[in-house]
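File shown: data23.txt. Contents: compact mmCIF, N, CA and C atoms and all ligand atoms.
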# COMPACT_ATOMS: atom_id res chain seq x y z
N MET A 963 -1.20 -41.13 36.65
CA MET A 963 -0.02 -40.60 35.95
C MET A 963 0.08 -39.09 36.19
N GLU A 964 1.30 -38.65 36.41
CA GLU A 964 1.55 -37.23 36.68
C GLU A 964 1.07 -36.38 35.48
N ASN A 965 0.49 -35.26 35.77
CA ASN A 965 0.03 -34.31 34.74
C ASN A 965 -1.15 -34.80 33.91
N CYS A 966 -1.77 -35.89 34.30
CA CYS A 966 -2.98 -36.33 33.60
C CYS A 966 -4.19 -35.79 34.36
N ILE A 967 -4.99 -34.99 33.69
CA ILE A 967 -6.11 -34.33 34.35
C ILE A 967 -7.13 -35.36 34.87
N PHE A 968 -7.34 -36.44 34.12
CA PHE A 968 -8.32 -37.45 34.59
C PHE A 968 -7.75 -38.25 35.76
N CYS A 969 -6.45 -38.51 35.78
CA CYS A 969 -5.86 -39.16 36.97
C CYS A 969 -6.05 -38.26 38.19
N LYS A 970 -5.90 -36.95 37.99
CA LYS A 970 -6.08 -36.01 39.12
C LYS A 970 -7.53 -36.00 39.59
N ILE A 971 -8.47 -36.09 38.65
CA ILE A 971 -9.89 -36.19 39.03
C ILE A 971 -10.14 -37.48 39.80
N ILE A 972 -9.59 -38.58 39.31
CA ILE A 972 -9.77 -39.89 39.97
C ILE A 972 -9.21 -39.85 41.38
N LYS A 973 -8.06 -39.17 41.57
CA LYS A 973 -7.45 -39.08 42.90
C LYS A 973 -8.12 -38.04 43.79
N GLY A 974 -9.05 -37.27 43.23
CA GLY A 974 -9.75 -36.24 44.01
C GLY A 974 -8.98 -34.95 44.13
N GLU A 975 -7.93 -34.81 43.32
CA GLU A 975 -7.11 -33.59 43.38
C GLU A 975 -7.76 -32.44 42.61
N ILE A 976 -8.64 -32.80 41.67
CA ILE A 976 -9.42 -31.82 40.91
C ILE A 976 -10.89 -32.20 41.11
N PRO A 977 -11.75 -31.21 41.44
CA PRO A 977 -13.15 -31.55 41.67
C PRO A 977 -13.87 -31.96 40.39
N SER A 978 -14.90 -32.79 40.55
CA SER A 978 -15.73 -33.19 39.41
C SER A 978 -17.13 -33.49 39.93
N ALA A 979 -18.07 -33.49 39.01
CA ALA A 979 -19.45 -33.88 39.35
C ALA A 979 -19.52 -35.40 39.22
N LYS A 980 -19.33 -36.07 40.34
CA LYS A 980 -19.22 -37.54 40.34
C LYS A 980 -20.62 -38.17 40.32
N ILE A 981 -20.82 -39.11 39.41
CA ILE A 981 -22.09 -39.82 39.29
C ILE A 981 -22.00 -41.20 39.92
N TYR A 982 -20.84 -41.85 39.76
CA TYR A 982 -20.67 -43.22 40.24
C TYR A 982 -19.19 -43.50 40.39
N GLU A 983 -18.85 -44.31 41.39
CA GLU A 983 -17.45 -44.72 41.55
C GLU A 983 -17.40 -46.12 42.13
N ASP A 984 -16.50 -46.94 41.61
CA ASP A 984 -16.17 -48.22 42.25
C ASP A 984 -14.68 -48.46 42.06
N GLU A 985 -14.25 -49.70 42.30
CA GLU A 985 -12.81 -49.98 42.27
C GLU A 985 -12.22 -49.87 40.86
N ASP A 986 -13.06 -50.00 39.83
CA ASP A 986 -12.56 -49.99 38.45
C ASP A 986 -12.68 -48.65 37.76
N MET A 987 -13.70 -47.87 38.13
CA MET A 987 -14.02 -46.71 37.29
C MET A 987 -14.70 -45.59 38.06
N LEU A 988 -14.69 -44.44 37.39
CA LEU A 988 -15.42 -43.27 37.85
C LEU A 988 -16.32 -42.84 36.69
N ILE A 989 -17.55 -42.44 36.99
CA ILE A 989 -18.40 -41.80 35.97
C ILE A 989 -18.68 -40.40 36.47
N ILE A 990 -18.34 -39.41 35.63
CA ILE A 990 -18.52 -38.00 35.99
C ILE A 990 -19.29 -37.29 34.88
N LYS A 991 -19.81 -36.10 35.19
CA LYS A 991 -20.41 -35.27 34.15
C LYS A 991 -19.30 -34.61 33.34
N ASP A 992 -19.49 -34.52 32.03
CA ASP A 992 -18.54 -33.81 31.17
C ASP A 992 -18.71 -32.31 31.39
N VAL A 993 -17.59 -31.57 31.50
CA VAL A 993 -17.68 -30.11 31.71
C VAL A 993 -18.21 -29.38 30.48
N ASN A 994 -18.16 -30.03 29.33
CA ASN A 994 -18.56 -29.36 28.09
C ASN A 994 -19.56 -30.25 27.36
N PRO A 995 -20.80 -30.37 27.90
CA PRO A 995 -21.72 -31.38 27.38
C PRO A 995 -22.11 -31.17 25.93
N GLN A 996 -22.13 -32.29 25.19
CA GLN A 996 -22.52 -32.28 23.78
C GLN A 996 -23.88 -32.92 23.58
N ALA A 997 -24.53 -33.27 24.66
CA ALA A 997 -25.86 -33.88 24.61
C ALA A 997 -26.55 -33.53 25.92
N LYS A 998 -27.86 -33.76 25.95
CA LYS A 998 -28.62 -33.45 27.17
C LYS A 998 -28.01 -34.17 28.38
N ILE A 999 -27.65 -35.41 28.17
CA ILE A 999 -26.90 -36.16 29.19
C ILE A 999 -25.54 -36.47 28.59
N HIS A 1000 -24.48 -36.05 29.27
CA HIS A 1000 -23.13 -36.33 28.77
C HIS A 1000 -22.24 -36.65 29.97
N TYR A 1001 -21.98 -37.95 30.13
CA TYR A 1001 -21.09 -38.40 31.19
C TYR A 1001 -19.80 -38.91 30.55
N LEU A 1002 -18.78 -39.02 31.39
CA LEU A 1002 -17.53 -39.65 30.99
C LEU A 1002 -17.27 -40.84 31.90
N LEU A 1003 -17.01 -41.98 31.29
CA LEU A 1003 -16.59 -43.16 32.06
C LEU A 1003 -15.07 -43.18 32.03
N LEU A 1004 -14.45 -43.10 33.20
CA LEU A 1004 -12.99 -43.07 33.31
C LEU A 1004 -12.50 -44.33 34.01
N PRO A 1005 -11.84 -45.25 33.31
CA PRO A 1005 -11.18 -46.35 34.02
C PRO A 1005 -10.14 -45.76 34.97
N LYS A 1006 -10.03 -46.32 36.18
CA LYS A 1006 -9.10 -45.73 37.15
C LYS A 1006 -7.64 -45.92 36.76
N GLN A 1007 -7.38 -47.04 36.07
CA GLN A 1007 -6.00 -47.29 35.65
C GLN A 1007 -5.70 -46.45 34.41
N HIS A 1008 -4.56 -45.76 34.42
CA HIS A 1008 -4.23 -44.88 33.30
C HIS A 1008 -3.73 -45.67 32.09
N PHE A 1009 -4.38 -45.46 30.96
CA PHE A 1009 -3.80 -45.81 29.65
C PHE A 1009 -4.41 -44.84 28.66
N ALA A 1010 -3.65 -44.52 27.61
CA ALA A 1010 -4.02 -43.37 26.78
C ALA A 1010 -5.25 -43.61 25.92
N ASN A 1011 -5.36 -44.82 25.36
CA ASN A 1011 -6.44 -45.08 24.40
C ASN A 1011 -6.53 -46.59 24.18
N ILE A 1012 -7.49 -47.02 23.38
CA ILE A 1012 -7.67 -48.47 23.24
C ILE A 1012 -6.49 -49.15 22.54
N VAL A 1013 -5.74 -48.40 21.73
CA VAL A 1013 -4.59 -49.01 21.05
C VAL A 1013 -3.50 -49.36 22.07
N GLU A 1014 -3.38 -48.56 23.12
CA GLU A 1014 -2.35 -48.80 24.14
C GLU A 1014 -2.77 -49.78 25.22
N MET A 1015 -4.05 -50.16 25.23
CA MET A 1015 -4.52 -50.95 26.37
C MET A 1015 -4.04 -52.39 26.31
N THR A 1016 -3.72 -52.93 27.48
CA THR A 1016 -3.31 -54.33 27.59
C THR A 1016 -4.56 -55.22 27.63
N ASP A 1017 -4.33 -56.52 27.52
CA ASP A 1017 -5.47 -57.45 27.60
C ASP A 1017 -6.17 -57.32 28.95
N ALA A 1018 -5.40 -57.16 30.02
CA ALA A 1018 -6.00 -57.02 31.35
C ALA A 1018 -6.84 -55.74 31.44
N GLN A 1019 -6.32 -54.66 30.86
CA GLN A 1019 -7.07 -53.40 30.86
C GLN A 1019 -8.34 -53.52 30.01
N ALA A 1020 -8.25 -54.28 28.92
CA ALA A 1020 -9.44 -54.50 28.08
C ALA A 1020 -10.51 -55.25 28.86
N GLN A 1021 -10.08 -56.20 29.68
CA GLN A 1021 -11.05 -56.95 30.49
C GLN A 1021 -11.70 -56.02 31.52
N THR A 1022 -10.90 -55.13 32.10
CA THR A 1022 -11.46 -54.17 33.07
C THR A 1022 -12.45 -53.25 32.37
N LEU A 1023 -12.09 -52.79 31.18
CA LEU A 1023 -12.98 -51.89 30.44
C LEU A 1023 -14.30 -52.60 30.10
N ALA A 1024 -14.22 -53.85 29.68
CA ALA A 1024 -15.44 -54.61 29.38
C ALA A 1024 -16.30 -54.73 30.63
N ARG A 1025 -15.65 -54.95 31.78
CA ARG A 1025 -16.40 -55.05 33.05
C ARG A 1025 -17.09 -53.72 33.36
N CYS A 1026 -16.39 -52.61 33.10
CA CYS A 1026 -16.97 -51.27 33.34
C CYS A 1026 -18.22 -51.07 32.46
N ILE A 1027 -18.12 -51.46 31.20
CA ILE A 1027 -19.25 -51.25 30.27
C ILE A 1027 -20.42 -52.15 30.66
N LYS A 1028 -20.11 -53.35 31.12
CA LYS A 1028 -21.20 -54.24 31.59
C LYS A 1028 -21.89 -53.62 32.81
N LYS A 1029 -21.10 -53.05 33.73
CA LYS A 1029 -21.71 -52.39 34.90
C LYS A 1029 -22.58 -51.23 34.46
N LEU A 1030 -22.08 -50.46 33.49
CA LEU A 1030 -22.87 -49.35 32.95
C LEU A 1030 -24.21 -49.84 32.43
N SER A 1031 -24.20 -50.99 31.76
CA SER A 1031 -25.45 -51.51 31.19
C SER A 1031 -26.46 -51.85 32.27
N ASN A 1032 -25.97 -52.08 33.49
CA ASN A 1032 -26.88 -52.37 34.60
C ASN A 1032 -27.36 -51.10 35.29
N MET A 1033 -26.86 -49.92 34.88
CA MET A 1033 -27.20 -48.66 35.55
C MET A 1033 -27.99 -47.72 34.64
N VAL A 1034 -28.50 -48.26 33.54
CA VAL A 1034 -29.15 -47.42 32.53
C VAL A 1034 -30.28 -46.57 33.14
N ASP A 1035 -31.11 -47.20 33.96
CA ASP A 1035 -32.24 -46.45 34.53
C ASP A 1035 -31.75 -45.37 35.48
N GLU A 1036 -30.84 -45.72 36.39
CA GLU A 1036 -30.40 -44.72 37.37
C GLU A 1036 -29.60 -43.58 36.73
N LEU A 1037 -29.04 -43.82 35.55
CA LEU A 1037 -28.30 -42.76 34.86
C LEU A 1037 -29.20 -41.95 33.92
N GLY A 1038 -30.49 -42.30 33.85
CA GLY A 1038 -31.44 -41.54 33.01
C GLY A 1038 -31.28 -41.84 31.53
N LEU A 1039 -30.76 -43.05 31.21
CA LEU A 1039 -30.44 -43.39 29.82
C LEU A 1039 -31.43 -44.38 29.23
N GLN A 1040 -32.59 -44.53 29.85
CA GLN A 1040 -33.53 -45.58 29.43
C GLN A 1040 -34.06 -45.37 28.01
N ASP A 1041 -34.00 -44.13 27.48
CA ASP A 1041 -34.49 -43.87 26.13
C ASP A 1041 -33.42 -44.10 25.06
N GLY A 1042 -32.23 -44.51 25.48
CA GLY A 1042 -31.16 -44.77 24.52
C GLY A 1042 -29.94 -43.92 24.79
N PHE A 1043 -28.82 -44.37 24.30
CA PHE A 1043 -27.56 -43.65 24.53
C PHE A 1043 -26.52 -44.11 23.53
N ARG A 1044 -25.45 -43.35 23.41
CA ARG A 1044 -24.31 -43.73 22.58
C ARG A 1044 -23.06 -43.75 23.43
N LEU A 1045 -22.15 -44.65 23.12
CA LEU A 1045 -20.83 -44.69 23.74
C LEU A 1045 -19.80 -44.32 22.68
N VAL A 1046 -18.94 -43.35 22.99
CA VAL A 1046 -17.94 -42.87 22.02
C VAL A 1046 -16.59 -42.79 22.72
N SER A 1047 -15.55 -43.30 22.07
CA SER A 1047 -14.20 -43.11 22.58
C SER A 1047 -13.32 -42.64 21.44
N ASN A 1048 -12.78 -41.45 21.58
CA ASN A 1048 -11.92 -40.87 20.54
C ASN A 1048 -10.48 -41.33 20.74
N LYS A 1049 -9.81 -41.67 19.63
CA LYS A 1049 -8.40 -42.07 19.70
C LYS A 1049 -7.59 -41.15 18.80
N GLY A 1050 -6.75 -40.31 19.41
CA GLY A 1050 -5.85 -39.47 18.65
C GLY A 1050 -6.43 -38.10 18.34
N ALA A 1051 -5.53 -37.17 18.12
CA ALA A 1051 -5.91 -35.77 17.89
C ALA A 1051 -6.83 -35.62 16.68
N HIS A 1052 -6.60 -36.42 15.63
CA HIS A 1052 -7.43 -36.30 14.43
C HIS A 1052 -8.85 -36.77 14.67
N ALA A 1053 -9.04 -37.54 15.73
CA ALA A 1053 -10.39 -37.97 16.10
C ALA A 1053 -10.90 -37.17 17.30
N CYS A 1054 -10.25 -36.02 17.55
CA CYS A 1054 -10.70 -35.08 18.60
C CYS A 1054 -10.40 -35.57 20.02
N GLN A 1055 -9.45 -36.50 20.20
CA GLN A 1055 -9.09 -36.86 21.57
C GLN A 1055 -8.25 -35.73 22.15
N SER A 1056 -8.73 -35.14 23.23
CA SER A 1056 -8.00 -34.02 23.85
C SER A 1056 -7.39 -34.41 25.18
N VAL A 1057 -7.86 -35.49 25.80
CA VAL A 1057 -7.30 -35.94 27.08
C VAL A 1057 -6.78 -37.37 26.87
N GLU A 1058 -5.49 -37.54 27.12
CA GLU A 1058 -4.82 -38.81 26.83
C GLU A 1058 -4.92 -39.78 28.00
N HIS A 1059 -6.14 -39.97 28.46
CA HIS A 1059 -6.47 -41.01 29.44
C HIS A 1059 -7.76 -41.60 28.91
N LEU A 1060 -7.75 -42.88 28.57
CA LEU A 1060 -8.92 -43.43 27.90
C LEU A 1060 -10.20 -43.08 28.64
N HIS A 1061 -11.17 -42.64 27.89
CA HIS A 1061 -12.48 -42.32 28.47
C HIS A 1061 -13.55 -42.64 27.45
N ILE A 1062 -14.70 -43.02 27.97
CA ILE A 1062 -15.85 -43.33 27.13
C ILE A 1062 -16.87 -42.23 27.35
N HIS A 1063 -17.22 -41.53 26.28
CA HIS A 1063 -18.32 -40.56 26.36
C HIS A 1063 -19.63 -41.34 26.39
N ILE A 1064 -20.49 -40.99 27.33
CA ILE A 1064 -21.84 -41.59 27.42
C ILE A 1064 -22.81 -40.47 27.09
N LEU A 1065 -23.49 -40.60 25.95
CA LEU A 1065 -24.33 -39.52 25.44
C LEU A 1065 -25.77 -39.99 25.38
N GLY A 1066 -26.65 -39.25 26.04
CA GLY A 1066 -28.06 -39.62 26.05
C GLY A 1066 -28.94 -38.39 25.93
N GLY A 1067 -30.21 -38.62 25.66
CA GLY A 1067 -31.13 -37.50 25.54
C GLY A 1067 -30.95 -36.76 24.23
N GLN A 1068 -31.56 -35.61 24.15
CA GLN A 1068 -31.53 -34.82 22.91
C GLN A 1068 -30.12 -34.33 22.61
N GLN A 1069 -29.66 -34.49 21.38
CA GLN A 1069 -28.33 -34.01 21.00
C GLN A 1069 -28.29 -32.49 21.02
N LEU A 1070 -27.22 -31.92 21.58
CA LEU A 1070 -27.03 -30.47 21.55
C LEU A 1070 -26.13 -30.08 20.38
N ASP A 1071 -25.42 -31.04 19.86
CA ASP A 1071 -24.39 -30.75 18.87
C ASP A 1071 -24.25 -32.01 18.02
N ASP A 1072 -24.21 -31.85 16.69
CA ASP A 1072 -24.09 -33.04 15.85
C ASP A 1072 -22.64 -33.37 15.53
N ARG A 1073 -21.68 -32.77 16.29
CA ARG A 1073 -20.26 -32.99 16.05
C ARG A 1073 -19.91 -34.48 16.00
N MET A 1074 -20.55 -35.28 16.84
CA MET A 1074 -20.17 -36.69 16.94
C MET A 1074 -21.06 -37.58 16.11
N CYS A 1075 -21.98 -37.02 15.29
CA CYS A 1075 -22.87 -37.87 14.49
C CYS A 1075 -22.15 -38.31 13.21
P1 LIG A 1101 -12.04 -36.02 24.13
O1 LIG A 1101 -12.15 -34.84 23.25
O2 LIG A 1101 -12.65 -37.27 23.56
O3 LIG A 1101 -10.62 -36.24 24.65
O4 LIG A 1101 -12.94 -35.66 25.41
C1 LIG A 1101 -12.45 -35.03 26.56
C2 LIG A 1101 -13.65 -34.58 27.31
O5 LIG A 1101 -13.26 -34.30 28.63
C3 LIG A 1101 -14.28 -33.30 26.76
O6 LIG A 1101 -15.62 -33.58 26.37
C4 LIG A 1101 -14.25 -32.32 27.91
C5 LIG A 1101 -13.97 -33.19 29.10
N1 LIG A 1101 -13.13 -32.58 30.11
C6 LIG A 1101 -11.93 -32.02 29.93
N2 LIG A 1101 -11.43 -31.57 31.09
C7 LIG A 1101 -12.37 -31.89 32.04
C8 LIG A 1101 -12.43 -31.70 33.45
O7 LIG A 1101 -11.53 -31.13 34.09
N3 LIG A 1101 -13.54 -32.14 34.08
C9 LIG A 1101 -14.56 -32.77 33.40
N4 LIG A 1101 -15.62 -33.16 34.12
N5 LIG A 1101 -14.52 -32.97 32.07
C10 LIG A 1101 -13.44 -32.54 31.40
Whole structure, structure tokens version:
Amino acid sequence: MENCIFCKIIKGEIPSAKIYEDEDMLIIKDVNPQAKIHYLLLPKQHFANIVEMTDAQAQTLARCIKKLSNMVDELGLQDGFRLVSNKGAHACQSVEHLHIHILGGQQLDDRMC
């Protein structure tokens, strides 16, 4: 989608620290980490949040999370992690392209606790 910063990252128009990519998703490092490990899982298809997602998009998202569960060791998350998705400005969503925060390691900030 035009003017969506995460769509631009997915298309390679804006650089990012890419951790993993396949046909469904991109995993990148968050520019403003809130934990020792802070990645963002970005579904490639644009939708704003889980409320706007279609059934097909929900199936893709579930597939992405299942793939993530198979990459725990290579992502350095073997000691545990949290998945967070903010919906709406009151929940601190600042980018209107659904994304899952992947938080692992020692917390740097208790904002999301
Ligand atoms: P949220 O507040 O839930 O919408 O989280 C948006 C996150 O996206 C926030 O933690 C910072 C991150 N972010 C914003 N712009 C960029 C960017 O250009 N590159 C990367 N890697 N992360 C970004």
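For the set A:Ala1053, A:Ile1062, A:Ala1018, A:Leu1003, the residue with the smallest atom-to-atom gap to A:Asp984 is A:Leu1003, counting only C-alpha atoms.
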What is the atom C of A:Gln996-atom N of A:Gln1021 distance in Å, reported with one decimal?
27.7 Å
Of the candidates A:Gln1040, A:Gln1007, A:Asn965, A:Asn994, which one gets nearest to ligand LIG 1101 (chain A) if we count only N, CA and C atoms and all ligand atoms?
A:Asn994
Write down as a PyMOL selection string the residues of chain A whose backbone DSSP state falls under helix (DSSP H, G or I).
chain A and resi 967-972+1017-1031+1051-1053
Dump N, CA and C atoms for the selected residues as a PDB file, keeping the file's coordinate frame?
ATOM      1  N   ILE A 967      -4.990 -34.990  33.690  1.00  0.00           N
ATOM      2  CA  ILE A 967      -6.110 -34.330  34.350  1.00  0.00           C
ATOM      3  C   ILE A 967      -7.130 -35.360  34.870  1.00  0.00           C
ATOM      4  N   PHE A 968      -7.340 -36.440  34.120  1.00  0.00           N
ATOM      5  CA  PHE A 968      -8.320 -37.450  34.590  1.00  0.00           C
ATOM      6  C   PHE A 968      -7.750 -38.250  35.760  1.00  0.00           C
ATOM      7  N   CYS A 969      -6.450 -38.510  35.780  1.00  0.00           N
ATOM      8  CA  CYS A 969      -5.860 -39.160  36.970  1.00  0.00           C
ATOM      9  C   CYS A 969      -6.050 -38.260  38.190  1.00  0.00           C
ATOM     10  N   LYS A 970      -5.900 -36.950  37.990  1.00  0.00           N
ATOM     11  CA  LYS A 970      -6.080 -36.010  39.120  1.00  0.00           C
ATOM     12  C   LYS A 970      -7.530 -36.000  39.590  1.00  0.00           C
ATOM     13  N   ILE A 971      -8.470 -36.090  38.650  1.00  0.00           N
ATOM     14  CA  ILE A 971      -9.890 -36.190  39.030  1.00  0.00           C
ATOM     15  C   ILE A 971     -10.140 -37.480  39.800  1.00  0.00           C
ATOM     16  N   ILE A 972      -9.590 -38.580  39.310  1.00  0.00           N
ATOM     17  CA  ILE A 972      -9.770 -39.890  39.970  1.00  0.00           C
ATOM     18  C   ILE A 972      -9.210 -39.850  41.380  1.00  0.00           C
ATOM     19  N   ASP A1017      -4.330 -56.520  27.520  1.00  0.00           N
ATOM     20  CA  ASP A1017      -5.470 -57.450  27.600  1.00  0.00           C
ATOM     21  C   ASP A1017      -6.170 -57.320  28.950  1.00  0.00           C
ATOM     22  N   ALA A1018      -5.400 -57.160  30.020  1.00  0.00           N
ATOM     23  CA  ALA A1018      -6.000 -57.020  31.350  1.00  0.00           C
ATOM     24  C   ALA A1018      -6.840 -55.740  31.440  1.00  0.00           C
ATOM     25  N   GLN A1019      -6.320 -54.660  30.860  1.00  0.00           N
ATOM     26  CA  GLN A1019      -7.070 -53.400  30.860  1.00  0.00           C
ATOM     27  C   GLN A1019      -8.340 -53.520  30.010  1.00  0.00           C
ATOM     28  N   ALA A1020      -8.250 -54.280  28.920  1.00  0.00           N
ATOM     29  CA  ALA A1020      -9.440 -54.500  28.080  1.00  0.00           C
ATOM     30  C   ALA A1020     -10.510 -55.250  28.860  1.00  0.00           C
ATOM     31  N   GLN A1021     -10.080 -56.200  29.680  1.00  0.00           N
ATOM     32  CA  GLN A1021     -11.050 -56.950  30.490  1.00  0.00           C
ATOM     33  C   GLN A1021     -11.700 -56.020  31.520  1.00  0.00           C
ATOM     34  N   THR A1022     -10.900 -55.130  32.100  1.00  0.00           N
ATOM     35  CA  THR A1022     -11.460 -54.170  33.070  1.00  0.00           C
ATOM     36  C   THR A1022     -12.450 -53.250  32.370  1.00  0.00           C
ATOM     37  N   LEU A1023     -12.090 -52.790  31.180  1.00  0.00           N
ATOM     38  CA  LEU A1023     -12.980 -51.890  30.440  1.00  0.00           C
ATOM     39  C   LEU A1023     -14.300 -52.600  30.100  1.00  0.00           C
ATOM     40  N   ALA A1024     -14.220 -53.850  29.680  1.00  0.00           N
ATOM     41  CA  ALA A1024     -15.440 -54.610  29.380  1.00  0.00           C
ATOM     42  C   ALA A1024     -16.300 -54.730  30.630  1.00  0.00           C
ATOM     43  N   ARG A1025     -15.650 -54.950  31.780  1.00  0.00           N
ATOM     44  CA  ARG A1025     -16.400 -55.050  33.050  1.00  0.00           C
ATOM     45  C   ARG A1025     -17.090 -53.720  33.360  1.00  0.00           C
ATOM     46  N   CYS A1026     -16.390 -52.610  33.100  1.00  0.00           N
ATOM     47  CA  CYS A1026     -16.970 -51.270  33.340  1.00  0.00           C
ATOM     48  C   CYS A1026     -18.220 -51.070  32.460  1.00  0.00           C
ATOM     49  N   ILE A1027     -18.120 -51.460  31.200  1.00  0.00           N
ATOM     50  CA  ILE A1027     -19.250 -51.250  30.270  1.00  0.00           C
ATOM     51  C   ILE A1027     -20.420 -52.150  30.660  1.00  0.00           C
ATOM     52  N   LYS A1028     -20.110 -53.350  31.120  1.00  0.00           N
ATOM     53  CA  LYS A1028     -21.200 -54.240  31.590  1.00  0.00           C
ATOM     54  C   LYS A1028     -21.890 -53.620  32.810  1.00  0.00           C
ATOM     55  N   LYS A1029     -21.100 -53.050  33.730  1.00  0.00           N
ATOM     56  CA  LYS A1029     -21.710 -52.390  34.900  1.00  0.00           C
ATOM     57  C   LYS A1029     -22.580 -51.230  34.460  1.00  0.00           C
ATOM     58  N   LEU A1030     -22.080 -50.460  33.490  1.00  0.00           N
ATOM     59  CA  LEU A1030     -22.870 -49.350  32.950  1.00  0.00           C
ATOM     60  C   LEU A1030     -24.210 -49.840  32.430  1.00  0.00           C
ATOM     61  N   SER A1031     -24.200 -50.990  31.760  1.00  0.00           N
ATOM     62  CA  SER A1031     -25.450 -51.510  31.190  1.00  0.00           C
ATOM     63  C   SER A1031     -26.460 -51.850  32.270  1.00  0.00           C
ATOM     64  N   ALA A1051      -5.530 -37.170  18.120  1.00  0.00           N
ATOM     65  CA  ALA A1051      -5.910 -35.770  17.890  1.00  0.00           C
ATOM     66  C   ALA A1051      -6.830 -35.620  16.680  1.00  0.00           C
ATOM     67  N   HIS A1052      -6.600 -36.420  15.630  1.00  0.00           N
ATOM     68  CA  HIS A1052      -7.430 -36.300  14.430  1.00  0.00           C
ATOM     69  C   HIS A1052      -8.850 -36.770  14.670  1.00  0.00           C
ATOM     70  N   ALA A1053      -9.040 -37.540  15.730  1.00  0.00           N
ATOM     71  CA  ALA A1053     -10.390 -37.970  16.100  1.00  0.00           C
ATOM     72  C   ALA A1053     -10.900 -37.170  17.300  1.00  0.00           C
TER      73      ALA A1053
END
Using 9 Å as the limit and counting only C-alpha atoms and all ligand atoms, can you tabulate each residue of chain A that touches ligand LIG 1101 (chain A), with its shortest atom-to-atom distance in Å and the two atoms involved, as JSON lines?
{"residue": "A:Ile967", "atom": "CA", "partner": "A:LIG1101", "partner_atom": "O7", "distance": 6.3}
{"residue": "A:Phe968", "atom": "CA", "partner": "A:LIG1101", "partner_atom": "O7", "distance": 7.1}
{"residue": "A:Lys970", "atom": "CA", "partner": "A:LIG1101", "partner_atom": "O7", "distance": 8.9}
{"residue": "A:Ile971", "atom": "CA", "partner": "A:LIG1101", "partner_atom": "O7", "distance": 7.3}
{"residue": "A:Ile976", "atom": "CA", "partner": "A:LIG1101", "partner_atom": "O7", "distance": 7.2}
{"residue": "A:Pro977", "atom": "CA", "partner": "A:LIG1101", "partner_atom": "N3", "distance": 7.6}
{"residue": "A:Ser978", "atom": "CA", "partner": "A:LIG1101", "partner_atom": "N4", "distance": 5.3}
{"residue": "A:Ala979", "atom": "CA", "partner": "A:LIG1101", "partner_atom": "N4", "distance": 6.5}
{"residue": "A:Lys980", "atom": "CA", "partner": "A:LIG1101", "partner_atom": "N4", "distance": 8.4}
{"residue": "A:Ile990", "atom": "CA", "partner": "A:LIG1101", "partner_atom": "N4", "distance": 5.9}
{"residue": "A:Lys991", "atom": "CA", "partner": "A:LIG1101", "partner_atom": "N4", "distance": 5.2}
{"residue": "A:Asp992", "atom": "CA", "partner": "A:LIG1101", "partner_atom": "N4", "distance": 4.2}
{"residue": "A:Val993", "atom": "CA", "partner": "A:LIG1101", "partner_atom": "N5", "distance": 4.3}
{"residue": "A:Asn994", "atom": "CA", "partner": "A:LIG1101", "partner_atom": "C4", "distance": 5.2}
{"residue": "A:Pro995", "atom": "CA", "partner": "A:LIG1101", "partner_atom": "O6", "distance": 6.6}
{"residue": "A:Gln996", "atom": "CA", "partner": "A:LIG1101", "partner_atom": "O6", "distance": 7.5}
{"residue": "A:His1000", "atom": "CA", "partner": "A:LIG1101", "partner_atom": "O6", "distance": 8.4}
{"residue": "A:Tyr1001", "atom": "CA", "partner": "A:LIG1101", "partner_atom": "N4", "distance": 8.1}
{"residue": "A:Leu1002", "atom": "CA", "partner": "A:LIG1101", "partner_atom": "O5", "distance": 7.2}
{"residue": "A:Val1046", "atom": "CA", "partner": "A:LIG1101", "partner_atom": "O2", "distance": 7.9}
{"residue": "A:Ser1047", "atom": "CA", "partner": "A:LIG1101", "partner_atom": "O2", "distance": 6.1}
{"residue": "A:Asn1048", "atom": "CA", "partner": "A:LIG1101", "partner_atom": "O2", "distance": 4.8}
{"residue": "A:Lys1049", "atom": "CA", "partner": "A:LIG1101", "partner_atom": "O2", "distance": 7.5}
{"residue": "A:Gly1050", "atom": "CA", "partner": "A:LIG1101", "partner_atom": "O3", "distance": 8.3}
{"residue": "A:Ala1051", "atom": "CA", "partner": "A:LIG1101", "partner_atom": "O3", "distance": 8.3}
{"residue": "A:Ala1053", "atom": "CA", "partner": "A:LIG1101", "partner_atom": "O2", "distance": 7.8}
{"residue": "A:Cys1054", "atom": "CA", "partner": "A:LIG1101", "partner_atom": "O1", "distance": 4.9}
{"residue": "A:Gln1055", "atom": "CA", "partner": "A:LIG1101", "partner_atom": "O3", "distance": 3.5}
{"residue": "A:Ser1056", "atom": "CA", "partner": "A:LIG1101", "partner_atom": "O3", "distance": 3.5}
{"residue": "A:Val1057", "atom": "CA", "partner": "A:LIG1101", "partner_atom": "O3", "distance": 4.1}
{"residue": "A:Glu1058", "atom": "CA", "partner": "A:LIG1101", "partner_atom": "O3", "distance": 6.7}
{"residue": "A:His1059", "atom": "CA", "partner": "A:LIG1101", "partner_atom": "O3", "distance": 7.9}
{"residue": "A:Leu1060", "atom": "CA", "partner": "A:LIG1101", "partner_atom": "O3", "distance": 8.1}
{"residue": "A:His1061", "atom": "CA", "partner": "A:LIG1101", "partner_atom": "O2", "distance": 7.0}
{"residue": "A:Ile1062", "atom": "CA", "partner": "A:LIG1101", "partner_atom": "O2", "distance": 7.7}
{"residue": "A:His1063", "atom": "CA", "partner": "A:LIG1101", "partner_atom": "O2", "distance": 7.1}
Give as a list in words every residue, naming chains and numbers as the document does, that has an atom within 10 Å of (-30.4, -37.6, 23.4), counting only C-alpha atoms.
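Collected hits near the coordinates: Gln996, Ala997, Lys998, Ile999, His1000, Leu1039, Asp1041, Gly1042, Phe1043, Arg1044, Leu1065, Gly1066, Gly1067, Gln1068, Gln1069 and Leu1070 of chain A.
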Can you list, as a PyMOL selection string, every residue of chain A that DSSP puts in strand (DSSP E)?
chain A and resi 980-983+987-991+997-1005+1043-1046+1062-1069
Enter the distance from atom CA of A:Met963 to atom CA of A:Glu985, in Å, rounded to one decimal.
17.1 Å
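Atom N of A:Leu1023 is positioned 13.2 Å from atom CA of A:Ala1010.
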